[in-house]
>>> print(open('start_31.cif').read())   # mmCIF, C-alpha atoms
data_input
loop_
_atom_site.group_PDB
_atom_site.id
_atom_site.type_symbol
_atom_site.label_atom_id
_atom_site.label_comp_id
_atom_site.auth_asym_id
_atom_site.auth_seq_id
_atom_site.Cartn_x
_atom_site.Cartn_y
_atom_site.Cartn_z
ATOM 1 C CA MET A 1 56.227 43.086 -63.601
ATOM 2 C CA PRO A 2 54.680 46.096 -65.374
ATOM 3 C CA PHE A 3 55.326 46.639 -69.080
ATOM 4 C CA THR A 4 57.052 49.979 -69.753
ATOM 5 C CA VAL A 5 57.635 52.036 -72.905
ATOM 6 C CA ILE A 6 60.056 54.984 -73.054
ATOM 7 C CA THR A 7 60.491 57.152 -76.147
ATOM 8 C CA VAL A 8 63.285 59.698 -76.544
ATOM 9 C CA LYS A 9 64.235 62.332 -79.102
ATOM 10 C CA ASN A 10 67.367 64.482 -79.410
ATOM 11 C CA VAL A 11 68.994 63.026 -76.288
ATOM 12 C CA PRO A 12 72.672 62.169 -75.625
ATOM 13 C CA LYS A 13 74.000 58.815 -76.795
ATOM 14 C CA SER A 14 75.009 58.014 -73.226
ATOM 15 C CA LEU A 15 71.344 58.094 -72.186
ATOM 16 C CA ARG A 16 70.385 55.755 -75.016
ATOM 17 C CA GLY A 17 73.131 53.426 -73.852
ATOM 18 C CA ASP A 18 71.760 53.422 -70.313
ATOM 19 C CA LEU A 19 68.275 52.584 -71.579
ATOM 20 C CA THR A 20 69.513 49.636 -73.662
ATOM 21 C CA LYS A 21 70.950 48.041 -70.514
ATOM 22 C CA TRP A 22 67.397 47.490 -69.250
ATOM 23 C CA MET A 23 65.192 47.801 -72.316
ATOM 24 C CA GLN A 24 65.020 46.751 -75.961
ATOM 25 C CA GLU A 25 65.044 49.383 -78.703
ATOM 26 C CA ILE A 26 62.355 48.235 -81.136
ATOM 27 C CA ALA A 27 62.475 51.397 -83.272
ATOM 28 C CA THR A 28 64.593 54.535 -83.293
ATOM 29 C CA GLY A 29 64.116 56.133 -79.892
ATOM 30 C CA VAL A 30 61.457 53.618 -78.758
ATOM 31 C CA TYR A 31 62.412 51.351 -75.833
ATOM 32 C CA VAL A 32 60.300 48.613 -74.238
ATOM 33 C CA GLY A 33 60.901 46.469 -71.182
ATOM 34 C CA ASN A 34 59.459 44.575 -68.220
ATOM 35 C CA PHE A 35 60.773 45.486 -64.770
ATOM 36 C CA ASN A 36 59.604 46.473 -61.320
ATOM 37 C CA THR A 37 58.534 49.917 -60.159
ATOM 38 C CA LYS A 38 61.868 50.728 -58.502
ATOM 39 C CA VAL A 39 63.834 50.088 -61.697
ATOM 40 C CA ARG A 40 61.305 52.100 -63.715
ATOM 41 C CA GLU A 41 61.579 55.100 -61.374
ATOM 42 C CA GLN A 42 65.379 54.980 -61.405
ATOM 43 C CA LEU A 43 65.457 54.776 -65.203
ATOM 44 C CA TRP A 44 63.082 57.715 -65.505
ATOM 45 C CA ASN A 45 65.193 59.720 -63.048
ATOM 46 C CA ARG A 46 68.192 58.920 -65.247
ATOM 47 C CA VAL A 47 66.264 60.301 -68.229
ATOM 48 C CA LEU A 48 65.417 63.485 -66.295
ATOM 49 C CA ASP A 49 69.055 63.922 -65.254
ATOM 50 C CA SER A 50 70.437 63.477 -68.790
ATOM 51 C CA ILE A 51 67.732 64.903 -71.060
ATOM 52 C CA ASP A 52 69.835 67.985 -72.000
ATOM 53 C CA GLY A 53 66.981 69.759 -73.796
ATOM 54 C CA GLY A 54 65.712 66.657 -75.616
ATOM 55 C CA GLU A 55 62.244 65.125 -75.385
ATOM 56 C CA ALA A 56 61.056 61.969 -73.633
ATOM 57 C CA THR A 57 57.847 60.160 -72.733
ATOM 58 C CA ILE A 58 57.168 57.182 -70.485
ATOM 59 C CA SER A 59 54.080 54.972 -70.321
ATOM 60 C CA TYR A 60 53.573 51.949 -68.103
ATOM 61 C CA SER A 61 50.991 49.600 -66.636
ATOM 62 C CA TYR A 62 49.231 51.150 -63.664
ATOM 63 C CA ARG A 63 46.324 50.295 -61.389
ATOM 64 C CA ASN A 64 43.818 52.962 -62.348
ATOM 65 C CA GLU A 65 40.638 53.208 -64.405
ATOM 66 C CA ILE A 66 42.429 52.909 -67.753
ATOM 67 C CA GLY A 67 45.136 50.452 -66.695
ATOM 68 C CA TYR A 68 48.146 52.621 -67.499
ATOM 69 C CA SER A 69 49.816 55.955 -66.740
ATOM 70 C CA PHE A 70 52.330 58.167 -68.518
ATOM 71 C CA ASN A 71 54.510 61.262 -68.231
ATOM 72 C CA THR A 72 56.432 63.598 -70.539
ATOM 73 C CA VAL A 73 59.505 65.828 -70.490
ATOM 74 C CA ASN A 74 59.969 68.863 -72.755
ATOM 75 C CA ALA A 75 56.944 67.878 -74.856
ATOM 76 C CA GLN A 76 54.233 70.129 -76.274
ATOM 77 C CA ARG A 77 51.686 68.166 -74.269
ATOM 78 C CA LYS A 78 51.358 67.882 -70.522
ATOM 79 C CA VAL A 79 49.737 65.302 -68.266
ATOM 80 C CA VAL A 80 46.837 66.285 -66.019
ATOM 81 C CA GLU A 81 44.729 64.091 -63.761
ATOM 82 C CA LEU A 82 40.951 64.065 -63.597
ATOM 83 C CA ASP A 83 39.373 61.791 -60.983
ATOM 84 C CA GLY A 84 42.536 59.689 -60.958
ATOM 85 C CA ILE A 85 42.639 59.323 -64.758
ATOM 86 C CA PRO A 86 45.682 60.790 -66.590
ATOM 87 C CA LEU A 87 44.740 62.969 -69.554
ATOM 88 C CA VAL A 88 46.791 64.729 -72.229
ATOM 89 C CA LEU A 89 46.434 68.506 -72.364
ATOM 90 C CA LEU A 90 47.795 70.864 -75.000
ATOM 91 C CA ALA A 91 49.230 73.912 -73.245
ATOM 92 C CA ASN A 92 47.352 77.179 -73.742
ATOM 93 C CA SER A 93 49.765 79.836 -74.976
ATOM 94 C CA GLY A 94 47.545 82.690 -73.820
ATOM 95 C CA ASP A 95 48.692 84.684 -70.837
ATOM 96 C CA SER A 96 46.376 85.294 -67.919
ATOM 97 C CA LYS A 97 47.334 87.569 -65.073
ATOM 98 C CA LEU A 98 46.209 87.077 -61.524
ATOM 99 C CA ASP A 99 44.954 90.016 -59.540
ATOM 100 C CA LEU A 100 46.915 89.684 -56.308
ATOM 101 C CA LYS A 101 46.225 91.905 -53.324
ATOM 102 C CA HIS A 102 49.202 94.049 -52.361
ATOM 103 C CA GLY A 103 49.603 94.457 -48.632
ATOM 104 C CA TYR A 104 53.046 95.849 -47.731
ATOM 105 C CA SER A 105 53.672 99.460 -46.774
ATOM 106 C CA ASP A 106 55.603 101.775 -49.096
ATOM 107 C CA ALA A 107 58.600 101.620 -46.764
ATOM 108 C CA ALA A 108 58.546 97.820 -46.804
ATOM 109 C CA LYS A 109 58.325 97.837 -50.575
ATOM 110 C CA ARG A 110 61.376 100.092 -50.803
ATOM 111 C CA ARG A 111 63.340 97.743 -48.557
ATOM 112 C CA LYS A 112 62.273 94.737 -50.608
ATOM 113 C CA SER A 113 63.029 96.554 -53.838
ATOM 114 C CA LYS A 114 66.565 97.246 -52.640
ATOM 115 C CA LYS A 115 67.078 93.574 -51.779
ATOM 116 C CA PHE A 116 65.389 91.931 -54.730
ATOM 117 C CA SER A 117 65.725 94.382 -57.621
ATOM 118 C CA GLY A 118 69.504 94.632 -57.728
ATOM 119 C CA ASN A 119 71.075 94.286 -61.153
ATOM 120 C CA ALA A 120 72.378 90.714 -61.084
ATOM 121 C CA GLY A 121 74.291 91.191 -64.305
ATOM 122 C CA ASN A 122 76.357 94.002 -62.834
ATOM 123 C CA LYS A 123 77.483 92.065 -59.758
ATOM 124 C CA GLY A 124 80.263 90.422 -61.696
ATOM 125 C CA GLY A 125 80.564 93.095 -64.382
ATOM 126 C CA GLU A 126 78.621 93.368 -67.643
ATOM 127 C CA ILE A 127 79.386 90.485 -69.990
ATOM 128 C CA ALA A 128 80.511 91.486 -73.458
ATOM 129 C CA GLY A 129 77.880 90.793 -76.105
ATOM 130 C CA GLU A 130 75.240 89.779 -73.552
ATOM 131 C CA SER A 131 71.682 89.936 -74.835
ATOM 132 C CA LYS A 132 69.234 92.373 -73.290
ATOM 133 C CA LYS A 133 66.803 89.502 -72.737
ATOM 134 C CA ASP A 134 66.941 85.745 -72.176
ATOM 135 C CA ASN A 135 64.746 82.991 -73.542
ATOM 136 C CA TYR A 136 65.074 81.079 -70.295
ATOM 137 C CA ILE A 137 64.325 81.460 -66.601
ATOM 138 C CA ILE A 138 66.476 80.514 -63.601
ATOM 139 C CA LEU A 139 64.760 78.357 -60.974
ATOM 140 C CA HIS A 140 66.298 77.430 -57.620
ATOM 141 C CA ILE A 141 64.630 75.549 -54.760
ATOM 142 C CA LEU A 142 65.538 74.977 -51.122
ATOM 143 C CA LEU A 143 64.109 72.121 -49.049
ATOM 144 C CA GLU A 144 63.653 72.000 -45.300
ATOM 145 C CA PRO A 145 66.572 70.169 -43.644
ATOM 146 C CA ASP A 146 65.921 66.417 -43.396
ATOM 147 C CA SER A 147 62.550 66.911 -45.043
ATOM 148 C CA GLN A 148 60.873 66.658 -48.423
ATOM 149 C CA LYS A 149 59.017 69.917 -47.892
ATOM 150 C CA ILE A 150 59.804 73.065 -49.861
ATOM 151 C CA SER A 151 61.247 75.942 -47.848
ATOM 152 C CA GLU A 152 61.991 78.539 -50.549
ATOM 153 C CA ILE A 153 61.498 78.983 -54.301
ATOM 154 C CA SER A 154 63.370 81.621 -56.296
ATOM 155 C CA CYS A 155 62.897 82.469 -59.988
ATOM 156 C CA PHE A 156 64.724 85.050 -62.091
ATOM 157 C CA LYS A 157 64.239 86.150 -65.691
ATOM 158 C CA LYS A 158 65.515 88.915 -67.928
ATOM 159 C CA THR A 159 63.009 90.427 -70.367
ATOM 160 C CA GLU A 160 62.650 93.549 -72.493
ATOM 161 C CA LEU A 161 61.154 95.198 -69.395
ATOM 162 C CA GLY A 162 64.204 94.420 -67.286
ATOM 163 C CA GLU A 163 64.990 91.890 -64.570
ATOM 164 C CA GLU A 164 62.052 90.257 -62.820
ATOM 165 C CA ARG A 165 61.809 87.931 -59.837
ATOM 166 C CA PHE A 166 59.436 85.562 -58.182
ATOM 167 C CA TYR A 167 60.332 84.481 -54.648
ATOM 168 C CA VAL A 168 58.354 82.695 -51.974
ATOM 169 C CA ARG A 169 59.339 81.503 -48.501
ATOM 170 C CA LEU A 170 57.148 78.789 -47.015
ATOM 171 C CA SER A 171 56.482 76.916 -43.828
ATOM 172 C CA TYR A 172 54.529 73.686 -43.509
ATOM 173 C CA ALA A 173 51.833 73.278 -40.871
ATOM 174 C CA TYR A 174 48.699 71.170 -40.487
ATOM 175 C CA ASP A 175 49.402 69.289 -43.736
ATOM 176 C CA GLU A 176 49.549 72.406 -45.886
ATOM 177 C CA TYR A 177 51.963 75.124 -46.954
ATOM 178 C CA VAL A 178 51.760 78.575 -45.384
ATOM 179 C CA ILE A 179 53.335 81.592 -47.079
ATOM 180 C CA ASP A 180 55.771 83.560 -44.912
ATOM 181 C CA GLU A 181 56.992 85.920 -47.626
ATOM 182 C CA ILE A 182 56.260 86.384 -51.326
ATOM 183 C CA ILE A 183 57.730 88.638 -54.021
ATOM 184 C CA CYS A 184 56.054 88.838 -57.450
ATOM 185 C CA ARG A 185 57.820 90.712 -60.238
ATOM 186 C CA ASN A 186 60.015 92.548 -57.725
ATOM 187 C CA ASP A 187 57.029 93.729 -55.665
ATOM 188 C CA SER A 188 56.001 92.525 -52.212
ATOM 189 C CA VAL A 189 52.585 90.869 -52.022
ATOM 190 C CA ASP A 190 50.234 90.280 -49.107
ATOM 191 C CA LYS A 191 51.525 87.048 -47.572
ATOM 192 C CA THR A 192 47.988 86.016 -46.615
ATOM 193 C CA VAL A 193 47.465 85.041 -50.248
ATOM 194 C CA GLU A 194 46.583 81.349 -50.642
ATOM 195 C CA PHE A 195 49.351 78.919 -51.594
ATOM 196 C CA SER A 196 47.359 77.858 -54.671
ATOM 197 C CA VAL A 197 47.236 81.481 -55.883
ATOM 198 C CA ALA A 198 50.985 81.854 -55.376
ATOM 199 C CA ILE A 199 51.605 78.668 -57.365
ATOM 200 C CA LYS A 200 49.458 79.947 -60.231
ATOM 201 C CA GLU A 201 51.335 83.248 -60.213
ATOM 202 C CA MET A 202 54.630 81.369 -60.373
ATOM 203 C CA ILE A 203 53.397 79.366 -63.358
ATOM 204 C CA GLU A 204 52.406 82.581 -65.132
ATOM 205 C CA PHE A 205 55.840 84.003 -64.310
ATOM 206 C CA MET A 206 57.538 80.980 -65.935
ATOM 207 C CA ARG A 207 55.155 80.566 -68.873
ATOM 208 C CA GLY A 208 56.821 80.615 -72.275
ATOM 209 C CA PHE A 209 60.375 80.262 -70.939
ATOM 210 C CA SER A 210 62.770 77.341 -70.794
ATOM 211 C CA ILE A 211 63.792 76.510 -67.223
ATOM 212 C CA VAL A 212 67.416 76.402 -66.071
ATOM 213 C CA SER A 213 68.469 74.979 -62.712
ATOM 214 C CA TYR A 214 71.573 73.532 -61.098
ATOM 215 C CA GLY A 215 71.459 69.957 -59.796
ATOM 216 C CA LEU A 216 67.863 69.987 -58.546
ATOM 217 C CA ASN A 217 66.867 66.360 -59.071
ATOM 218 C CA GLU A 218 65.006 65.673 -55.821
ATOM 219 C CA GLU A 219 63.786 69.257 -55.517
ATOM 220 C CA PHE A 220 62.320 69.212 -59.024
ATOM 221 C CA GLU A 221 60.382 66.035 -58.329
ATOM 222 C CA ILE A 222 58.924 67.477 -55.119
ATOM 223 C CA LEU A 223 57.925 70.722 -56.858
ATOM 224 C CA HIS A 224 56.511 68.694 -59.749
ATOM 225 C CA LYS A 225 54.238 66.774 -57.366
ATOM 226 C CA GLU A 226 53.007 70.006 -55.773
ATOM 227 C CA LEU A 227 52.283 71.602 -59.147
ATOM 228 C CA LYS A 228 50.392 68.531 -60.350
ATOM 229 C CA ARG A 229 47.943 69.007 -57.488
ATOM 230 C CA TYR A 230 46.889 72.208 -59.243
ATOM 231 C CA GLY A 231 46.905 70.759 -62.755
ATOM 232 C CA TYR A 232 50.354 71.985 -63.769
ATOM 233 C CA ASP A 233 53.307 69.965 -65.064
ATOM 234 C CA ILE A 234 56.714 71.600 -64.903
ATOM 235 C CA TYR A 235 58.045 69.022 -67.357
ATOM 236 C CA GLN A 236 56.038 70.597 -70.178
ATOM 237 C CA SER A 237 58.778 73.249 -70.327
ATOM 238 C CA LYS A 238 62.242 72.711 -71.751
ATOM 239 C CA LEU A 239 64.548 71.935 -68.839
ATOM 240 C CA TYR A 240 68.294 72.448 -68.626
ATOM 241 C CA ASP A 241 70.403 71.192 -65.734
ATOM 242 C CA LEU A 242 73.412 73.502 -65.797
ATOM 243 C CA LYS A 243 75.347 71.061 -63.616
ATOM 244 C CA ASN A 244 75.349 68.397 -66.340
ATOM 245 C CA LEU A 245 76.485 70.956 -68.914
ATOM 246 C CA VAL A 246 79.266 72.256 -66.655
ATOM 247 C CA LYS A 247 80.546 68.674 -66.346
ATOM 248 C CA LYS A 248 80.886 68.559 -70.137
ATOM 249 C CA ASP A 249 82.186 72.120 -70.418
ATOM 250 C CA ASN A 250 84.935 71.728 -67.806
ATOM 251 C CA ILE A 251 86.060 68.206 -66.919
ATOM 252 C CA PHE A 252 88.896 69.321 -64.642
ATOM 253 C CA ILE A 253 86.944 70.894 -61.773
ATOM 254 C CA LYS A 254 87.688 69.125 -58.482
ATOM 255 C CA SER A 255 84.026 69.308 -57.418
ATOM 256 C CA TYR A 256 80.769 70.219 -59.138
ATOM 257 C CA ASP A 257 79.154 71.639 -56.019
ATOM 258 C CA LEU A 258 77.573 74.958 -56.947
ATOM 259 C CA GLU A 259 79.788 77.023 -54.639
ATOM 260 C CA VAL A 260 82.950 75.522 -56.155
ATOM 261 C CA VAL A 261 81.723 75.937 -59.731
ATOM 262 C CA LEU A 262 80.796 79.601 -59.204
ATOM 263 C CA LYS A 263 84.347 80.324 -58.037
ATOM 264 C CA GLU A 264 85.838 78.323 -60.919
ATOM 265 C CA TYR A 265 83.882 80.428 -63.436
ATOM 266 C CA ASP A 266 84.744 83.692 -61.637
ATOM 267 C CA VAL A 267 81.186 84.400 -60.516
ATOM 268 C CA ASP A 268 81.705 86.707 -57.553
ATOM 269 C CA ASN A 269 79.611 88.468 -54.900
ATOM 270 C CA VAL A 270 77.294 85.501 -54.317
ATOM 271 C CA ASP A 271 75.995 84.743 -50.831
ATOM 272 C CA VAL A 272 75.640 80.957 -50.795
ATOM 273 C CA GLU A 273 73.393 81.194 -47.720
ATOM 274 C CA ASP A 274 70.841 83.330 -49.598
ATOM 275 C CA LEU A 275 68.632 81.636 -52.207
ATOM 276 C CA VAL A 276 68.016 84.845 -54.162
ATOM 277 C CA SER A 277 71.739 85.548 -54.370
ATOM 278 C CA LEU A 278 72.380 81.961 -55.491
ATOM 279 C CA THR A 279 69.762 82.378 -58.217
ATOM 280 C CA ASP A 280 71.624 85.458 -59.445
ATOM 281 C CA GLY A 281 74.835 83.444 -59.366
ATOM 282 C CA ILE A 282 73.331 80.669 -61.487
ATOM 283 C CA HIS A 283 72.154 83.283 -63.993
ATOM 284 C CA MET A 284 75.669 84.749 -64.245
ATOM 285 C CA LEU A 285 77.092 81.223 -64.522
ATOM 286 C CA SER A 286 74.718 80.434 -67.403
ATOM 287 C CA LYS A 287 76.358 83.238 -69.400
ATOM 288 C CA LYS A 288 79.761 81.561 -69.074
ATOM 289 C CA VAL A 289 79.021 77.903 -69.894
ATOM 290 C CA ASN A 290 79.668 77.565 -73.616
ATOM 291 C CA LYS A 291 77.804 74.285 -74.067
ATOM 292 C CA PHE A 292 74.699 75.826 -72.538
ATOM 293 C CA LEU A 293 74.937 78.996 -74.631
ATOM 294 C CA ARG A 294 75.077 76.920 -77.809
ATOM 295 C CA LEU A 295 71.997 74.968 -76.749
ATOM 296 C CA VAL A 296 69.854 78.041 -76.129
ATOM 297 C CA ASN A 297 71.277 79.969 -79.101
ATOM 298 C CA VAL A 298 72.324 82.972 -77.026
ATOM 299 C CA LYS A 299 74.065 85.465 -79.273
#
>>> encode(input="start_31.cif", output="structure tokens")
Amino acid sequence: MPFTVITVKNVPKSLRGDLTKWMQEIATGVYVGNFNTKVREQLWNRVLDSIDGGEATISYSYRNEIGYSFNTVNAQRKVVELDGIPLVLLANSGDSKLDLKHGYSDAAKRRKSKKFSGNAGNKGGEIAGESKKDNYIILHILLEPDSQKISEISCFKKTELGEERFYVRLSYAYDEYVIDEIICRNDSVDKTVEFSVAIKEMIEFMRGFSIVSYGLNEEFEILHKELKRYGYDIYQSKLYDLKNLVKKDNIFIKSYDLEVVLKEYDVDNVDVEDLVSLTDGIHMLSKKVNKFLRLVNVK
């Protein structure tokens, strides 16, 4: 059975307790153990589910050129692969913009602007004391039914320039993704753009922000695998699962399904059948979960 090492920092005690059931803590935050691949993957998924803004790394025996592999969460370094060999890369803080070809008519842009540029904060009323900008981005993902293929990706952030979106709707054909619709920074873009270019634009859109989602365990892993194909690792960013924080913030909710939670926190005017509307709803919800607000130091 492969030897595995997991290190954690600033994580909940409950997660440390879960790790000690399978591993031995040989130093503060350093756990070692011998177990099969299935146990390792389940333990790492447990770490991803419970990280709550902390940091974690995993390294384990692996059949490649160097004999081991590794991964990180919320670390300053990210893992990239070169000819099957995992390497450590320090993220470049510089911003680079992609020159995307715009292909929609003015009328189409106005229609898209009406749909995607609505003021999400005003849907449920302006929140007292709300900051004019956030230090985090909302990410929501939809998979194809009964499939592990991505159907839609929606991102939302609030900056000094206002509210910005990235949205892409995909189909999967001939072993590759095809773009059916794409919105970059509230503006429609020629959907003939390559999937790789769209992914790079999404990374630029998210760069420098923490990422907030709601219960996207499987979806995150699938997106992570797609991004790694282009040398990106979503786990280099700080990740917050709002669902876990809602569970701590309100223990009396009958269900933690997103639709139920939005109603419990009085987040109104959300179309649960529309991914963009749900993303807005998660953003409004983030402003009402006290445990999350304390974590991100929102004033």
>>> resolve_selection(input="start_31.cif", expression="the PyMOL selection byres ((chain A and resi 243) around 9)", output="ChimeraX atom specification")
/A:213-215,240-242,244-248,256-258,261
>>> closest_residue(input="start_31.cif", among="A:Ile58, A:Val5, A:Ile141, A:Leu43", to="Gly17 (chain A)", atoms="all atoms listed in the file")
A:Leu43
>>> resolve_selection(input="start_31.cif", expression="the PyMOL selection byres ((chain A and resi 67-75) around 8)", output="ChimeraX atom specification")
/A:48,53-66,76-79,86,235-239
>>> residues_around(input="start_31.cif", residues="Met206 (chain A)", least_positions_apart="5", cutoff="10 Å", atoms="only C-alpha atoms", output="list of chain:residue names")
A:Tyr136, A:Ile137, A:Ile138, A:Leu139, A:Cys155, A:Phe156, A:Lys157, A:Phe166, A:Lys200, A:Glu201, A:Ile211, A:Ile234, A:Ser237
>>> closest_residue(input="start_31.cif", among="A:Asn269, A:Thr279, A:Asn36, A:Ser255", to="Leu142 (chain A)", atoms="only C-alpha atoms")
A:Thr279
>>> resolve_selection(input="start_31.cif", expression="the PyMOL selection byres ((chain A and resi 274) around 12)", output="compact mmCIF listing (two decimals) with C-alpha atoms, in the frame of the given file")
# COMPACT_ATOMS: atom_id res chain seq x y z
CA LYS A 115 67.08 93.57 -51.78
CA PHE A 116 65.39 91.93 -54.73
CA HIS A 140 66.30 77.43 -57.62
CA ILE A 141 64.63 75.55 -54.76
CA LEU A 142 65.54 74.98 -51.12
CA GLU A 152 61.99 78.54 -50.55
CA ILE A 153 61.50 78.98 -54.30
CA SER A 154 63.37 81.62 -56.30
CA TYR A 167 60.33 84.48 -54.65
CA ARG A 169 59.34 81.50 -48.50
CA ASN A 269 79.61 88.47 -54.90
CA VAL A 270 77.29 85.50 -54.32
CA ASP A 271 76.00 84.74 -50.83
CA VAL A 272 75.64 80.96 -50.80
CA GLU A 273 73.39 81.19 -47.72
CA LEU A 275 68.63 81.64 -52.21
CA VAL A 276 68.02 84.84 -54.16
CA SER A 277 71.74 85.55 -54.37
CA LEU A 278 72.38 81.96 -55.49
CA THR A 279 69.76 82.38 -58.22
CA ASP A 280 71.62 85.46 -59.44
CA GLY A 281 74.83 83.44 -59.37
>>> residues_around(input="start_31.cif", residues="region 22-26 of chain A", least_positions_apart="4", cutoff="10 Å", atoms="all atoms listed in the file", output="MDAnalysis selection string")
chainID A and resid 4:7 16:18 30:35 39:40 43
>>> closest_residue(input="start_31.cif", among="A:Val212, A:Ile251, A:Val197, A:Val178", to="Ser286 (chain A)", atoms="all atoms listed in the file")
A:Val212
>>> residues_around(input="start_31.cif", residues="Gly231 (chain A)", least_positions_apart="2", cutoff="10 Å", atoms="only C-alpha atoms", output="number ranges by chain")
A: 78-82, 89, 200, 225-229, 233
>>> closest_residue(input="start_31.cif", among="A:Glu219, A:Lys291, A:Glu194, A:Glu164", to="Ser147 (chain A)", atoms="only C-alpha atoms")
A:Glu219
>>> residues_near_point(input="start_31.cif", point="(54.6, 76.9, -50.7)", cutoff="10 Å", atoms="all atoms listed in the file", output="tab-separated table (two decimals) with C-alpha atoms, in the frame of the given file")
chain	number	residue	atom	x	y	z
A	149	LYS	CA	59.02	69.92	-47.89
A	150	ILE	CA	59.80	73.06	-49.86
A	151	SER	CA	61.25	75.94	-47.85
A	152	GLU	CA	61.99	78.54	-50.55
A	153	ILE	CA	61.50	78.98	-54.30
A	168	VAL	CA	58.35	82.70	-51.97
A	169	ARG	CA	59.34	81.50	-48.50
A	170	LEU	CA	57.15	78.79	-47.02
A	171	SER	CA	56.48	76.92	-43.83
A	172	TYR	CA	54.53	73.69	-43.51
A	176	GLU	CA	49.55	72.41	-45.89
A	177	TYR	CA	51.96	75.12	-46.95
A	178	VAL	CA	51.76	78.58	-45.38
A	179	ILE	CA	53.34	81.59	-47.08
A	180	ASP	CA	55.77	83.56	-44.91
A	181	GLU	CA	56.99	85.92	-47.63
A	182	ILE	CA	56.26	86.38	-51.33
A	194	GLU	CA	46.58	81.35	-50.64
A	195	PHE	CA	49.35	78.92	-51.59
A	196	SER	CA	47.36	77.86	-54.67
A	198	ALA	CA	50.98	81.85	-55.38
A	199	ILE	CA	51.60	78.67	-57.36
A	223	LEU	CA	57.92	70.72	-56.86
A	226	GLU	CA	53.01	70.01	-55.77
>>> atom_distance(input="start_31.cif", atom1="CA of Trp44 (chain A)", atom2="CA of Leu15 (chain A)")
10.6 Å
